[in-house]
Every structure is written in C-alpha cells, then in structure tokens.
file upload.cif (mmCIF, C-alpha atoms)
data_model
loop_
_atom_site.label_atom_id
_atom_site.label_comp_id
_atom_site.auth_asym_id
_atom_site.auth_seq_id
_atom_site.Cartn_x
_atom_site.Cartn_y
_atom_site.Cartn_z
CA MET K 37 13.22 -16.46 6.99
CA ALA K 38 10.07 -17.97 5.57
CA SER K 39 8.06 -16.74 8.53
CA ASN K 40 8.74 -13.16 7.48
CA HIS K 41 6.64 -13.65 4.36
CA GLN K 42 3.62 -14.79 6.26
CA PRO K 43 1.07 -12.21 7.27
CA ALA K 44 0.97 -11.78 11.03
CA ALA K 45 -1.91 -12.86 13.22
CA GLY K 46 -5.34 -11.78 11.99
CA GLY K 47 -4.09 -11.28 8.43
CA GLN K 48 -2.30 -8.07 9.42
CA ILE K 49 0.92 -7.11 7.71
CA ASP K 50 3.95 -5.05 8.74
CA ALA K 51 2.97 -1.49 7.79
CA ARG K 52 6.58 -0.61 6.95
CA GLY K 53 6.72 -3.14 4.10
CA PRO K 54 4.40 -1.29 1.67
CA ARG K 55 6.08 2.01 2.48
CA PHE K 56 9.52 0.55 1.74
CA GLY K 57 8.11 -0.90 -1.50
CA ALA K 58 6.77 2.53 -2.45
CA GLY K 59 10.31 3.88 -2.20
CA ILE K 60 11.60 1.28 -4.69
CA THR K 61 8.56 1.93 -6.90
CA ALA K 62 9.33 5.66 -6.90
CA VAL K 63 12.94 5.03 -7.97
CA VAL K 64 11.91 2.60 -10.74
CA LEU K 65 9.28 5.03 -12.07
CA ALA K 66 11.61 8.04 -11.87
CA VAL K 67 14.27 6.22 -13.92
CA ALA K 68 11.58 5.06 -16.38
CA LEU K 69 10.41 8.68 -16.82
CA ILE K 70 13.96 9.93 -17.33
CA ALA K 71 14.66 7.16 -19.88
CA GLY K 72 11.39 7.91 -21.73
CA PRO K 73 9.00 5.58 -23.61
CA HIS K 74 11.72 3.60 -25.38
CA ALA K 75 13.45 0.30 -24.69
CA LEU K 76 14.81 1.05 -21.21
CA GLY K 77 11.81 3.04 -19.95
CA THR K 78 9.35 0.48 -21.29
CA ALA K 79 11.29 -2.39 -19.71
CA LEU K 80 11.17 -0.63 -16.32
CA ILE K 81 7.43 0.00 -16.66
CA ILE K 82 6.96 -3.71 -17.36
CA VAL K 83 8.99 -4.59 -14.26
CA GLN K 84 6.83 -2.21 -12.22
CA LEU K 85 3.67 -3.57 -13.83
CA LEU K 86 4.58 -7.09 -12.71
CA ALA K 87 5.29 -5.87 -9.16
CA PHE K 88 1.94 -4.03 -8.99
CA GLY K 89 0.21 -7.04 -10.56
CA LEU K 90 1.47 -9.44 -7.88
CA GLY K 91 0.71 -6.95 -5.09
CA SER K 92 -2.78 -6.36 -6.42
CA LEU K 93 -3.93 -9.76 -7.69
CA VAL K 94 -2.19 -11.97 -5.09
CA GLY K 95 -1.73 -9.53 -2.20
CA PRO K 96 0.87 -7.40 -0.41
CA GLN K 97 2.66 -10.48 0.94
CA ALA K 98 3.46 -11.51 -2.67
CA GLN K 99 4.66 -8.05 -3.75
CA PRO K 100 8.32 -8.46 -4.82
CA TYR K 101 9.49 -5.26 -3.10
CA GLY K 102 7.65 -6.36 0.04
CA ARG K 103 9.56 -9.65 -0.19
CA ILE K 104 12.82 -7.72 -0.40
CA TYR K 105 11.76 -5.81 2.71
CA ALA K 106 10.83 -9.00 4.58
CA GLN K 107 14.00 -10.80 3.54
CA PHE K 108 16.66 -8.14 3.94
CA VAL K 109 15.35 -5.09 5.80
CA LYS K 110 12.95 -6.35 8.44
CA PRO K 111 15.47 -8.67 10.16
CA ARG K 112 17.65 -5.59 10.82
CA LEU K 113 14.87 -3.55 12.40
CA ALA K 114 14.29 -3.58 16.13
CA GLY K 115 11.27 -2.49 18.13
CA PRO K 116 7.60 -3.30 17.88
CA VAL K 117 6.13 -4.12 14.47
CA PRO K 118 3.45 -1.63 13.41
CA LEU K 119 0.66 -3.74 11.93
CA GLU K 120 -1.99 -2.76 9.40
CA ALA K 121 -4.73 -4.44 7.42
CA PRO K 122 -3.65 -5.67 3.98
CA GLU K 123 -6.61 -4.11 2.13
CA PRO K 124 -5.36 -0.50 1.88
CA PRO K 125 -1.91 -1.34 0.43
CA ARG K 126 -3.52 -3.89 -1.86
CA PHE K 127 -5.96 -1.31 -3.18
CA ALA K 128 -3.04 1.10 -3.71
CA GLN K 129 -1.27 -1.61 -5.73
CA THR K 130 -4.38 -1.94 -7.91
CA VAL K 131 -4.44 1.81 -8.55
CA GLY K 132 -0.73 1.61 -9.43
CA LEU K 133 -1.41 -1.32 -11.75
CA VAL K 134 -3.92 0.77 -13.71
CA PHE K 135 -1.43 3.66 -14.06
CA ALA K 136 1.34 1.27 -15.16
CA LEU K 137 -0.96 -0.32 -17.76
CA VAL K 138 -1.80 3.12 -19.19
CA ALA K 139 1.90 4.05 -19.27
CA LEU K 140 2.72 0.80 -21.08
CA LEU K 141 -0.10 1.48 -23.52
CA GLY K 142 1.40 4.93 -24.18
CA ALA K 143 4.78 3.35 -24.93
CA VAL K 144 3.29 0.66 -27.18
CA VAL K 145 1.07 2.98 -29.25
CA GLY K 146 3.88 5.56 -29.43
CA SER K 147 2.30 8.29 -27.30
CA PRO K 148 5.03 9.86 -25.13
CA ALA K 149 2.40 12.13 -23.53
CA LEU K 150 0.27 9.21 -22.33
CA PHE K 151 3.38 7.39 -21.07
CA THR K 152 4.67 10.46 -19.25
CA ILE K 153 1.36 11.48 -17.64
CA ALA K 154 0.53 7.98 -16.38
CA ALA K 155 4.07 7.32 -15.10
CA ALA K 156 4.22 10.78 -13.47
CA LEU K 157 0.91 10.20 -11.62
CA ALA K 158 2.13 6.81 -10.41
CA LEU K 159 5.44 8.38 -9.33
CA GLY K 160 3.57 11.09 -7.42
CA ALA K 161 1.49 8.48 -5.58
CA ALA K 162 4.52 6.31 -4.77
CA PHE K 163 6.53 9.31 -3.58
CA LEU K 164 3.72 10.52 -1.30
CA ASN K 165 3.44 7.02 0.14
CA ALA K 166 7.18 6.64 0.73
CA ALA K 167 7.92 10.15 1.98
CA PHE K 168 4.73 11.02 3.91
CA ASP K 169 3.02 7.66 4.49
CA TYR K 170 0.14 9.14 2.48
CA CYS K 171 -1.91 6.55 0.57
CA LEU K 172 -3.32 8.33 -2.47
CA GLY K 173 -5.22 5.27 -3.65
CA CYS K 174 -6.86 4.92 -0.22
CA GLU K 175 -7.83 8.60 -0.17
CA MET K 176 -9.43 8.20 -3.60
CA TYR K 177 -11.38 5.15 -2.45
CA LEU K 178 -14.31 6.93 -0.83
CA LEU K 179 -14.54 9.43 -3.70
CA ILE K 180 -14.76 6.53 -6.16
CA GLN K 181 -17.46 4.95 -3.98
CA ARG K 182 -19.35 8.26 -4.04
CA LEU K 183 -19.21 8.40 -7.83
CA LYS K 184 -20.43 4.82 -8.03
CA HIS K 185 -23.23 5.62 -5.63
CA ARG K 186 -24.31 8.62 -7.71
CA THR K 187 -24.61 6.54 -10.88
CA ALA K 188 -26.13 3.50 -9.16
CA MET M 289 21.59 -1.83 -26.07
CA ASP M 290 22.88 1.34 -27.78
CA ALA M 291 21.81 4.84 -26.76
CA GLN M 292 19.21 5.16 -29.52
CA THR M 293 17.52 1.87 -28.64
CA ALA M 294 17.48 2.67 -24.94
CA PHE M 295 16.57 6.37 -25.07
CA GLY M 296 14.88 6.87 -28.45
CA PRO M 297 15.69 8.89 -31.56
CA TYR M 298 17.61 11.60 -29.72
CA GLY M 299 19.78 9.14 -27.79
CA PHE M 300 20.74 10.28 -24.32
CA GLY M 301 19.63 13.83 -25.06
CA PHE M 302 16.50 15.96 -25.08
CA GLY M 303 14.26 13.11 -23.92
CA VAL M 304 16.35 12.61 -20.79
CA VAL M 305 16.32 16.34 -19.99
CA SER M 306 12.53 16.61 -20.29
CA GLY M 307 12.04 13.34 -18.39
CA THR M 308 14.22 14.65 -15.58
CA ALA M 309 12.23 17.89 -15.55
CA VAL M 310 8.99 15.90 -15.17
CA VAL M 311 10.46 13.87 -12.29
CA LEU M 312 11.64 17.01 -10.50
CA ALA M 313 8.26 18.70 -10.99
CA VAL M 314 6.44 15.67 -9.54
CA LEU M 315 8.76 15.51 -6.52
CA LEU M 316 8.42 19.25 -5.92
CA LEU M 317 4.62 19.26 -6.19
CA GLY M 318 4.36 16.05 -4.18
CA GLY M 319 6.64 17.44 -1.49
CA ALA M 320 4.65 20.66 -1.22
CA PHE M 321 1.35 18.78 -1.08
CA GLY M 322 2.68 16.29 1.45
CA MET M 323 3.89 19.04 3.76
CA TRP M 324 0.66 21.01 3.48
CA ARG M 325 -1.24 17.82 4.21
CA LYS M 326 0.89 16.98 7.22
CA HIS M 327 0.23 20.47 8.55
CA THR M 328 -3.57 20.38 8.18
CA ASP M 329 -4.29 16.68 8.74
CA GLY M 330 -6.21 15.83 11.89
CA ARG M 331 -6.97 19.42 12.85
CA VAL M 332 -10.25 20.28 14.47
CA ARG M 333 -12.37 22.69 12.44
CA ALA M 334 -15.22 24.33 14.28
CA VAL M 335 -18.60 24.29 12.57
CA ALA M 336 -20.71 27.39 13.11
CA PRO M 337 -24.00 26.56 14.80
CA THR M 338 -26.99 26.63 12.50
CA GLU M 339 -29.46 29.52 12.78
CA ALA M 340 -32.43 27.42 13.71
CA GLU M 341 -32.41 26.78 17.43
CA ALA M 342 -35.49 24.62 17.07
CA GLU M 343 -35.60 21.41 19.06
CA PRO M 344 -33.39 19.05 17.11
CA GLN M 345 -35.08 16.17 15.36
CA VAL M 346 -33.94 12.62 15.94
CA SER M 347 -30.26 12.58 15.05
CA PRO M 348 -29.47 10.48 11.97
CA PHE M 349 -26.65 8.98 14.04
CA SER M 350 -28.69 7.77 17.02
CA ARG M 351 -29.42 4.46 15.29
CA PHE M 352 -25.68 3.61 15.38
CA GLY M 353 -25.48 3.71 19.14
CA GLU M 354 -26.11 5.75 22.23
CA MET M 355 -25.41 9.47 21.87
CA GLY M 356 -23.25 11.20 24.47
CA GLU M 357 -24.82 13.58 27.00
CA ARG M 358 -22.01 16.04 26.50
CA ALA M 359 -20.78 15.22 23.02
CA THR M 360 -20.68 12.42 20.46
CA ILE M 361 -17.66 11.58 18.32
CA VAL M 362 -18.97 10.13 15.05
CA GLN M 363 -16.21 8.45 13.08
CA PHE M 364 -16.59 7.51 9.41
CA SER M 365 -14.30 4.58 8.55
CA SER M 366 -13.89 2.23 5.60
CA THR M 367 -12.17 -1.04 4.76
CA VAL M 368 -9.51 0.65 2.65
CA CYS M 369 -8.24 2.94 5.38
CA ALA M 370 -4.90 2.48 7.08
CA PRO M 371 -5.23 5.43 9.53
CA CYS M 372 -8.80 4.59 10.66
CA ARG M 373 -7.52 2.34 13.42
CA ALA M 374 -5.25 5.03 14.84
CA ALA M 375 -8.18 7.48 14.71
CA LYS M 376 -10.38 5.01 16.56
CA VAL M 377 -7.81 4.54 19.33
CA ILE M 378 -7.64 8.30 19.92
CA ALA M 379 -11.41 8.79 19.70
CA THR M 380 -12.17 5.98 22.15
CA ASP M 381 -9.48 7.30 24.49
CA VAL M 382 -11.12 10.72 24.49
CA ALA M 383 -14.57 9.20 24.95
CA ALA M 384 -13.27 7.21 27.92
CA ALA M 385 -11.49 10.20 29.44
CA VAL M 386 -14.32 12.74 29.28
CA PRO M 387 -17.57 11.86 31.04
CA GLY M 388 -20.65 12.13 28.85
CA VAL M 389 -18.73 11.67 25.60
CA ARG M 390 -19.39 8.69 23.36
CA HIS M 391 -17.73 7.37 20.24
CA LEU M 392 -19.68 5.90 17.31
CA GLU M 393 -18.04 4.31 14.29
CA ILE M 394 -19.82 4.18 10.95
CA ASN M 395 -18.81 2.14 7.92
CA ALA M 396 -18.85 4.82 5.23
CA GLU M 397 -19.30 2.32 2.41
CA GLU M 398 -22.61 1.16 3.88
CA GLN M 399 -23.89 4.67 4.65
CA MET M 400 -23.36 6.55 1.42
CA ASP M 401 -26.41 8.74 2.05
CA LEU M 402 -24.85 10.09 5.25
CA VAL M 403 -21.49 10.40 3.48
CA ARG M 404 -23.12 12.63 0.87
CA GLU M 405 -25.27 14.55 3.33
CA PHE M 406 -22.29 15.48 5.50
CA GLY M 407 -19.83 15.94 2.65
CA ILE M 408 -17.42 13.21 3.78
CA MET M 409 -14.59 13.08 1.25
CA ARG M 410 -12.20 10.64 2.90
CA THR M 411 -11.80 8.28 5.81
CA PRO M 412 -11.26 8.75 8.63
CA THR M 413 -13.47 11.81 9.02
CA ILE M 414 -14.82 12.62 12.46
CA LEU M 415 -17.89 14.71 13.21
CA VAL M 416 -18.24 16.09 16.71
CA LEU M 417 -21.85 16.55 17.80
CA ASP M 418 -22.68 18.72 20.76
CA ARG M 419 -25.05 17.83 23.61
CA ARG M 420 -28.06 18.65 21.45
CA GLY M 421 -26.75 16.38 18.69
CA GLN M 422 -25.85 19.31 16.46
CA LEU M 423 -22.67 19.30 14.44
CA SER M 424 -20.08 21.41 16.23
CA ALA M 425 -16.74 20.40 14.69
CA ARG M 426 -15.23 18.14 12.09
CA ILE M 427 -11.84 16.52 11.68
CA SER M 428 -10.42 15.05 8.53
CA GLY M 429 -7.70 12.50 9.20
CA VAL M 430 -6.35 11.07 12.45
CA PRO M 431 -7.43 13.62 15.07
CA ARG M 432 -4.95 15.44 17.26
CA LYS M 433 -5.87 14.27 20.72
CA ASP M 434 -5.41 17.62 22.48
CA GLU M 435 -7.64 19.36 19.95
CA LEU M 436 -10.28 16.63 20.11
CA LEU M 437 -10.35 16.89 23.92
CA VAL M 438 -11.15 20.59 23.57
CA ALA M 439 -13.69 20.00 20.80
CA VAL M 440 -15.82 17.59 22.85
CA ASP M 441 -16.11 20.23 25.53
CA ASP M 442 -18.55 22.19 23.46
CA ARG M 443 -18.54 25.37 25.59
CA ARG M 444 -15.46 26.35 23.60
CA PHE M 445 -17.63 27.01 20.58
CA GLU M 446 -19.93 29.44 22.34
CA ASP M 447 -17.58 32.29 21.48
CA ILE M 448 -17.27 31.39 17.82
#
call {"tool": "encode", "arguments": {"input": "upload.cif", "output": "structure tokens"}}
result
Amino acid sequence: MASNHQPAAGGQIDARGPRFGAGITAVVLAVALIAGPHALGTALIIVQLLAFGLGSLVGPQAQPYGRIYAQFVKPRLAGPVPLEAPEPPRFAQTVGLVFALVALLGAVVGSPALFTIAAALALGAAFLNAAFDYCLGCEMYLLIQRLKHRTA
Amino acid sequence: MDAQTAFGPYGFGFGVVSGTAVVLAVLLLGGAFGMWRKHTDGRVRAVAPTEAEAEPQVSPFSRFGEMGERATIVQFSSTVCAPCRAAKVIATDVAAAVPGVRHLEINAEEQMDLVREFGIMRTPTILVLDRRGQLSARISGVPRKDELLVAVDDRRFEDI
C-alpha cells in the first residue's frame, strides 16, 4: 500500500484525502470543545495540533488523517482520482495549526474563552471543508496577501 | 481519569452543555454559510457600463496576452487555489467555443495593484471584458458554464 502515500505524478495529491481528513478534524475538535479546556479537551487539541503540524510542516502526504484515508479508504473507492495541487491543503493545515496553538495556549493559561473561540473557528473551517469542500484558509489567502501588500 | 480531571471543576456538567451549544452554533452557522455560498458561487454578475463612452485607453490587461475581438475572460488565479484549475478548464472551453473570445490568466500574487484596483477578494475571480475592453461582468468562484457563455456575448448587457 506504500504507493498510496506517494503523491501522484507532478506532485498532485488525491483531492479527497484532505476533505476526508477535515471530517476527522471536525470530529476531534467538536469533542474537544464539548470536553472543554481540561485534561480530555487539551489532550485532543494536542492530537489535532500534531496532525496539523505534520500536514503543514511536512506536507499533506504526511498528514496522519490523510494516511488513514490512503491506507483504508482510498483502496475501497472506484472511479477516477480527482487530483489537486498540494499547496492549498497544506496552507489550510498551517491556518489550522495556528488556531490549534491558540486553543492550546488558552487551555494552558487557563482562559476558557480563548480555548473555545480558537477551537470553534478551527471547527468551523474543518466543517466547511468536509461538508462543502470549501477551503477557508485558501479563501483567506488573497486577503492576507492584500494586507501584506498594503503594509509593504 | 475521573470526571473532574477530564471535564474540569464541574465534572460532566455545565461545561459540557455550553461546549455542546458552541459546537451546535458553529455547525448551524457553518451550514447556513456553506449553503448560501454554494448558491451564489460561480454566478455571473453584470457590471453596469461606465458613463464615459470615451475611447477606452490601453487596457491594463492587454500586456498579459491578446484581447478577444468579442470578449476577454480575465481570470485571477493564485498558487493556493484548489478551484482555479476547474475555473480555467471552463473558461478555456468557453473561449474555444465562441469565436472572438479569449482567455487570459493572471497570477494574483504578482499583480497586487490590479487585485486592488478591481477589488479582487478571492481566487478564482473572473472579469469579463466586452469588445471595447470594458468590464461587463464578474464571477467569483468557478464559473457556471452556461452563464459564462451568455456573459461573453455582450449584447445581453445592452438592456441592463
């Protein structure tokens, strides 16, 4: 199954992988929010942080949920593989990483508000990605570039 | 792990109720936004012609390629853009199908002045220019092919 982990020709990846991963991310974050900024919720945020970290710093092909998809889900799917460039999902993972870091910070410094807001924003982004194939991080990208350009 | 360690001072109580409320609120808002977005995404919006009928100056887009005699589809794309490829496929299809229509693709990250001038907020965004090179319609998202086919036939906008 090793070939499933490799990006396809031209560095493209299976577009369904990141969307499947967003579904798992949404479940993890929802349970973390319900549990609150205590032992269980904080542990789940750390799990999510590691997943985002691998997806962002190494790339979508190293994202643990993407590996689950490649290992267990993809072999069961028939039909043509929809390919996409790895940059958009990777950028989305980076945005998620920032939210998860802020949520963890909220838990560590004892600010339930900070924890809840950051985790809720990340949940919203993951849900939109999983349910509507809408990449919030990608949509923000040009706006961030515009802000950078204004200050440059 | 006992309930107080796992869920905080109130155990499996108030915190869980409020956390669940937050989750439901996010899913509800996200669902509403996602559906609204699905409904509006890729729609053609006509742009009212400007008052001045003066001979147009050199289009700021002509340096990216040849302008169409009938219409030009100007697509703003970026690296971090999953749907840009799908938009390009549809735009080039339309350009190939309608004589006198051309498709130009611009890397938004390298053309921030144009991005600001034309109020581009996301990629892909498509500007449709009429035969005089004037902005006649814009599309945010992957265009709907049937609507784009109508938009490049700029007579439609004479009644608007």
call {"tool": "residues_around", "arguments": {"input": "upload.cif", "residues": "range 164-169 of chain K", "least_positions_apart": "6", "cutoff": "6 Å", "atoms": "only C-alpha atoms", "output": "PyMOL selection string"}}
result
chain K and resi 55+58-59
call {"tool": "residues_around", "arguments": {"input": "upload.cif", "residues": "Arg126 in chain K", "least_positions_apart": "3", "cutoff": "8 Å", "atoms": "all atoms listed in the file", "output": "JSON, numbers by chain"}}
result
{"K": [91, 92, 95, 96, 122, 123, 129, 130]}
call {"tool": "atom_distance", "arguments": {"input": "upload.cif", "atom1": "CA of Leu178 in chain K", "atom2": "CA of His327 in chain M"}}
result
22.0 Å
call {"tool": "resolve_selection", "arguments": {"input": "upload.cif", "expression": "the PyMOL selection byres ((chain M) within 10 of (chain K))", "output": "MDAnalysis selection string"}}
result
chainID M and resid 289:297 299:301 303:319 321:323 325:326 365:371 373 396:397 400:401 403:404 408:412
call {"tool": "residues_near_point", "arguments": {"input": "upload.cif", "point": "(4.1, -7.9, -13.1)", "cutoff": "12 Å", "atoms": "all atoms listed in the file", "output": "number ranges by chain"}}
result
K: 79-94, 98-101, 129-130, 132-134, 136-137, 140
call {"tool": "write_last_selection", "arguments": {"input": "upload.cif", "atoms": "C-alpha atoms", "output": "PDB file, in the coordinates of the input"}}
result
ATOM      1  CA  ALA K  79      11.290  -2.390 -19.710  1.00  0.00           C
ATOM      2  CA  LEU K  80      11.170  -0.630 -16.320  1.00  0.00           C
ATOM      3  CA  ILE K  81       7.430   0.000 -16.660  1.00  0.00           C
ATOM      4  CA  ILE K  82       6.960  -3.710 -17.360  1.00  0.00           C
ATOM      5  CA  VAL K  83       8.990  -4.590 -14.260  1.00  0.00           C
ATOM      6  CA  GLN K  84       6.830  -2.210 -12.220  1.00  0.00           C
ATOM      7  CA  LEU K  85       3.670  -3.570 -13.830  1.00  0.00           C
ATOM      8  CA  LEU K  86       4.580  -7.090 -12.710  1.00  0.00           C
ATOM      9  CA  ALA K  87       5.290  -5.870  -9.160  1.00  0.00           C
ATOM     10  CA  PHE K  88       1.940  -4.030  -8.990  1.00  0.00           C
ATOM     11  CA  GLY K  89       0.210  -7.040 -10.560  1.00  0.00           C
ATOM     12  CA  LEU K  90       1.470  -9.440  -7.880  1.00  0.00           C
ATOM     13  CA  GLY K  91       0.710  -6.950  -5.090  1.00  0.00           C
ATOM     14  CA  SER K  92      -2.780  -6.360  -6.420  1.00  0.00           C
ATOM     15  CA  LEU K  93      -3.930  -9.760  -7.690  1.00  0.00           C
ATOM     16  CA  VAL K  94      -2.190 -11.970  -5.090  1.00  0.00           C
ATOM     17  CA  ALA K  98       3.460 -11.510  -2.670  1.00  0.00           C
ATOM     18  CA  GLN K  99       4.660  -8.050  -3.750  1.00  0.00           C
ATOM     19  CA  PRO K 100       8.320  -8.460  -4.820  1.00  0.00           C
ATOM     20  CA  TYR K 101       9.490  -5.260  -3.100  1.00  0.00           C
ATOM     21  CA  GLN K 129      -1.270  -1.610  -5.730  1.00  0.00           C
ATOM     22  CA  THR K 130      -4.380  -1.940  -7.910  1.00  0.00           C
ATOM     23  CA  GLY K 132      -0.730   1.610  -9.430  1.00  0.00           C
ATOM     24  CA  LEU K 133      -1.410  -1.320 -11.750  1.00  0.00           C
ATOM     25  CA  VAL K 134      -3.920   0.770 -13.710  1.00  0.00           C
ATOM     26  CA  ALA K 136       1.340   1.270 -15.160  1.00  0.00           C
ATOM     27  CA  LEU K 137      -0.960  -0.320 -17.760  1.00  0.00           C
ATOM     28  CA  LEU K 140       2.720   0.800 -21.080  1.00  0.00           C
TER      29      LEU K 140
END
call {"tool": "closest_residue", "arguments": {"input": "upload.cif", "among": "M:Val416, M:Val430, M:Val362, M:Val440", "to": "Asp329 in chain M", "atoms": "only C-alpha atoms"}}
result
M:Val430
call {"tool": "atom_distance", "arguments": {"input": "upload.cif", "atom1": "CA of Arg426 in chain M", "atom2": "CA of Gln48 in chain K"}}
result
29.3 Å
